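Before any comments, here is the structure.
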Amino acid sequence: TEHVTIPEGLTLGEIATILHEKVSVDSSAFLALARDPEHVASLGIDAPTLEGYLFPNTYSFYRGMATERVIAEMTGLFHEVMSSENRLKAEEMKMSVHEIMTLASIIEGEAQLASERDTISGVFHNRLRIGRRLESCATVQFILGEPKAVLLERDLRIPSPYNTYIHAGLPPGPICSPGAAAIKAALNPAVVPYLYFVARGDGGHIFSR
């Protein structure tokens, strides 16, 4: 048995790579299953793919383990975290579980300091409420498929439903797997007057109206 750590904030592709390196999971079979809408539905997940739903954690997996088993364990943990209490909370906020997971993934992608998660959530909720574009760099990084230290003007204009610089509202789905803290923040935004935040360069942000 190997202890396989899947950190928060990884995409399906990055998770497939770790599983392949650690326990020889066939990456293409894994991705095919994770992107098969019928298989996703069979796991009780209302989403087109498992992007965002493979829960970050340290798992005990073994070489030669069936891909279905690996996926079942990771999504099982998602169901535990997305408890009936949390589902009710989403309903009260008039948001679907998929929308909460999508927002949580953006919070995961933007917040480097744990202390800022709720505030960043508050900013995004404020923007969603008044119909302002989210303008999240993390969504553009997802489209690019590899981290870029500095996004260029032309990156912000990439035509994609995931580009929150050109489309209002939430993208079609999560951009990474959020951890429990980011999900909690998405469901419990801080009540703040801010509509903007800009990186300070030390992992923190300056928030403003």
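Numbering starts fresh at 1 for the residues of each chain in the structure tokens, the chains themselves are lettered A, B, ... in the order given, and ligands are numbered from 1 as they appear.
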Check: Could you name the residues that touch Thr11 (chain A) at 6 Å or less, counting only C-alpha atoms, but leaving out those on the same chain fewer than 2 positions away, as a PyMOL selection string?
Finding: chain A and resi 13-14+176
Region 166-172 of chain A surroundings by only C-alpha atoms, 9 Å radius, close-in-sequence under 6 positions cut, as an MDAnalysis selection string: chainID A and resid 98:99 102:103 127:128 131:135 139 156:160
Store the residues picked out above in a file with N, CA, C and O atoms, as a PDB file, in the first residue's frame.
```
ATOM      1  N   HIS A  98     -23.158  21.983  -7.698  1.00  0.00           N
ATOM      2  CA  HIS A  98     -22.174  22.202  -8.766  1.00  0.00           C
ATOM      3  C   HIS A  98     -21.679  23.659  -8.760  1.00  0.00           C
ATOM      4  O   HIS A  98     -20.482  23.912  -8.949  1.00  0.00           O
ATOM      5  N   GLU A  99     -22.591  24.591  -8.524  1.00  0.00           N
ATOM      6  CA  GLU A  99     -22.188  26.014  -8.470  1.00  0.00           C
ATOM      7  C   GLU A  99     -21.303  26.285  -7.260  1.00  0.00           C
ATOM      8  O   GLU A  99     -20.310  27.015  -7.361  1.00  0.00           O
ATOM      9  N   THR A 102     -17.939  24.890  -8.010  1.00  0.00           N
ATOM     10  CA  THR A 102     -17.266  25.743  -8.993  1.00  0.00           C
ATOM     11  C   THR A 102     -16.679  26.971  -8.305  1.00  0.00           C
ATOM     12  O   THR A 102     -15.503  27.313  -8.490  1.00  0.00           O
ATOM     13  N   LEU A 103     -17.485  27.605  -7.467  1.00  0.00           N
ATOM     14  CA  LEU A 103     -17.008  28.784  -6.727  1.00  0.00           C
ATOM     15  C   LEU A 103     -15.881  28.394  -5.770  1.00  0.00           C
ATOM     16  O   LEU A 103     -14.861  29.088  -5.682  1.00  0.00           O
ATOM     17  N   ARG A 127     -19.914  40.095  -6.322  1.00  0.00           N
ATOM     18  CA  ARG A 127     -19.864  40.282  -7.774  1.00  0.00           C
ATOM     19  C   ARG A 127     -20.979  39.494  -8.476  1.00  0.00           C
ATOM     20  O   ARG A 127     -21.611  39.993  -9.399  1.00  0.00           O
ATOM     21  N   LEU A 128     -21.169  38.247  -8.034  1.00  0.00           N
ATOM     22  CA  LEU A 128     -22.231  37.419  -8.636  1.00  0.00           C
ATOM     23  C   LEU A 128     -23.588  38.077  -8.432  1.00  0.00           C
ATOM     24  O   LEU A 128     -24.429  38.094  -9.327  1.00  0.00           O
ATOM     25  N   GLY A 131     -24.086  40.946 -10.756  1.00  0.00           N
ATOM     26  CA  GLY A 131     -23.872  40.654 -12.174  1.00  0.00           C
ATOM     27  C   GLY A 131     -22.543  41.144 -12.733  1.00  0.00           C
ATOM     28  O   GLY A 131     -22.385  41.281 -13.940  1.00  0.00           O
ATOM     29  N   ARG A 132     -21.576  41.410 -11.843  1.00  0.00           N
ATOM     30  CA  ARG A 132     -20.239  41.798 -12.290  1.00  0.00           C
ATOM     31  C   ARG A 132     -19.447  40.544 -12.649  1.00  0.00           C
ATOM     32  O   ARG A 132     -19.600  39.511 -12.015  1.00  0.00           O
ATOM     33  N   ARG A 133     -18.586  40.650 -13.653  1.00  0.00           N
ATOM     34  CA  ARG A 133     -17.742  39.507 -14.005  1.00  0.00           C
ATOM     35  C   ARG A 133     -16.791  39.200 -12.831  1.00  0.00           C
ATOM     36  O   ARG A 133     -16.325  40.107 -12.152  1.00  0.00           O
ATOM     37  N   LEU A 134     -16.508  37.916 -12.639  1.00  0.00           N
ATOM     38  CA  LEU A 134     -15.646  37.513 -11.515  1.00  0.00           C
ATOM     39  C   LEU A 134     -14.197  37.926 -11.740  1.00  0.00           C
ATOM     40  O   LEU A 134     -13.468  38.203 -10.797  1.00  0.00           O
ATOM     41  N   GLU A 135     -13.769  37.968 -13.014  1.00  0.00           N
ATOM     42  CA  GLU A 135     -12.398  38.379 -13.362  1.00  0.00           C
ATOM     43  C   GLU A 135     -11.358  37.660 -12.492  1.00  0.00           C
ATOM     44  O   GLU A 135     -10.508  38.287 -11.858  1.00  0.00           O
ATOM     45  N   THR A 139      -9.172  31.244 -13.321  1.00  0.00           N
ATOM     46  CA  THR A 139      -9.948  30.618 -14.401  1.00  0.00           C
ATOM     47  C   THR A 139      -9.178  30.684 -15.722  1.00  0.00           C
ATOM     48  O   THR A 139      -9.268  29.778 -16.541  1.00  0.00           O
ATOM     49  N   LEU A 156      -6.206  37.290 -21.136  1.00  0.00           N
ATOM     50  CA  LEU A 156      -7.501  37.633 -20.544  1.00  0.00           C
ATOM     51  C   LEU A 156      -8.604  37.697 -21.601  1.00  0.00           C
ATOM     52  O   LEU A 156      -9.775  37.821 -21.261  1.00  0.00           O
ATOM     53  N   ARG A 157      -8.219  37.629 -22.866  1.00  0.00           N
ATOM     54  CA  ARG A 157      -9.217  37.700 -23.943  1.00  0.00           C
ATOM     55  C   ARG A 157      -9.456  36.347 -24.618  1.00  0.00           C
ATOM     56  O   ARG A 157     -10.170  36.266 -25.608  1.00  0.00           O
ATOM     57  N   ILE A 158      -8.838  35.287 -24.082  1.00  0.00           N
ATOM     58  CA  ILE A 158      -9.007  33.958 -24.691  1.00  0.00           C
ATOM     59  C   ILE A 158     -10.491  33.591 -24.715  1.00  0.00           C
ATOM     60  O   ILE A 158     -11.156  33.638 -23.682  1.00  0.00           O
ATOM     61  N   PRO A 159     -11.019  33.254 -25.899  1.00  0.00           N
ATOM     62  CA  PRO A 159     -12.434  32.877 -25.931  1.00  0.00           C
ATOM     63  C   PRO A 159     -12.651  31.494 -25.333  1.00  0.00           C
ATOM     64  O   PRO A 159     -12.213  30.496 -25.888  1.00  0.00           O
ATOM     65  N   SER A 160     -13.271  31.457 -24.162  1.00  0.00           N
ATOM     66  CA  SER A 160     -13.572  30.186 -23.503  1.00  0.00           C
ATOM     67  C   SER A 160     -14.692  30.452 -22.508  1.00  0.00           C
ATOM     68  O   SER A 160     -14.713  31.506 -21.859  1.00  0.00           O
TER      69      SER A 160
END
```
### Message
Need to verify the contact set: Ala181 (chain A), 12 Å, only C-alpha atoms, exclusion of same-chain residues closer than 2 positions in sequence. Can you return it as a count of residues only?
### Response
30
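Excluding Phe30 (chain A) itself and same-chain residues fewer than 5 positions from it, the residues having an atom within 12 Å of it are Leu12, Gly13, Glu14, Ile15, Ala16, Thr17, Ile18, Leu19, His20, Ser24, Val25, Arg35, Asp36, His39, Thr49, Leu50, Leu54, Met65, Ala66, Thr67, Glu68, Arg69, Val70, Ile71 and Ala72 of chain A, counting only C-alpha atoms.
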task: Give the helix (DSSP H, G or I) residues of chain A, as DSSP finds them on the backbone, and put them as an MDAnalysis selection string.
output: chainID A and resid 12:23 27:34 37:42 67:81 84:92 97:110 114:130 137:144 155:157 180:187
Would you please extract all strand (DSSP E or B) residues from chain A, as assigned by DSSP on the backbone, and give them as a VMD selection string? chain A and resid 2 to 6 57 to 61 196 to 199 205 to 208
Q) Residues at most 7 Å from Thr5 (chain A), counting only C-alpha atoms, excluding those fewer than 2 positions away in the same chain, as a ChimeraX atom specification? A) /A:3,7,57-59
Resulting file, chosen residues, N, CA and C atoms, as a JSON list (two decimals), in the first residue's frame:
```json
[["chain", "number", "residue", "atom", "x", "y", "z"],
["A", 3, "HIS", "N", 0.93, 5.51, 0.44],
["A", 3, "HIS", "CA", 0.19, 6.70, 0.86],
["A", 3, "HIS", "C", 0.32, 7.71, -0.28],
["A", 7, "PRO", "N", -2.87, 16.96, -3.13],
["A", 7, "PRO", "CA", -3.06, 18.27, -2.49],
["A", 7, "PRO", "C", -4.28, 19.01, -3.07],
["A", 57, "ASN", "N", -6.77, 14.69, -0.44],
["A", 57, "ASN", "CA", -6.55, 13.98, 0.82],
["A", 57, "ASN", "C", -5.33, 13.08, 0.66],
["A", 58, "THR", "N", -4.92, 12.42, 1.74],
["A", 58, "THR", "CA", -3.90, 11.38, 1.62],
["A", 58, "THR", "C", -4.62, 10.03, 1.67],
["A", 59, "TYR", "N", -4.49, 9.28, 0.60],
["A", 59, "TYR", "CA", -5.20, 8.01, 0.46],
["A", 59, "TYR", "C", -4.22, 6.83, 0.57]]
```
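Proximity to Val4 (chain A) at 7 Å, evaluated using only C-alpha atoms and with sequence-adjacent residues fewer than 2 positions away removed, yields Glu2, Ile6, Lys22, Thr58, Tyr59, Ser60 and Phe61 of chain A.
Relative to CA of Thr75 (chain A), CA of Gly52 (chain A) is found at 9.7 Å.
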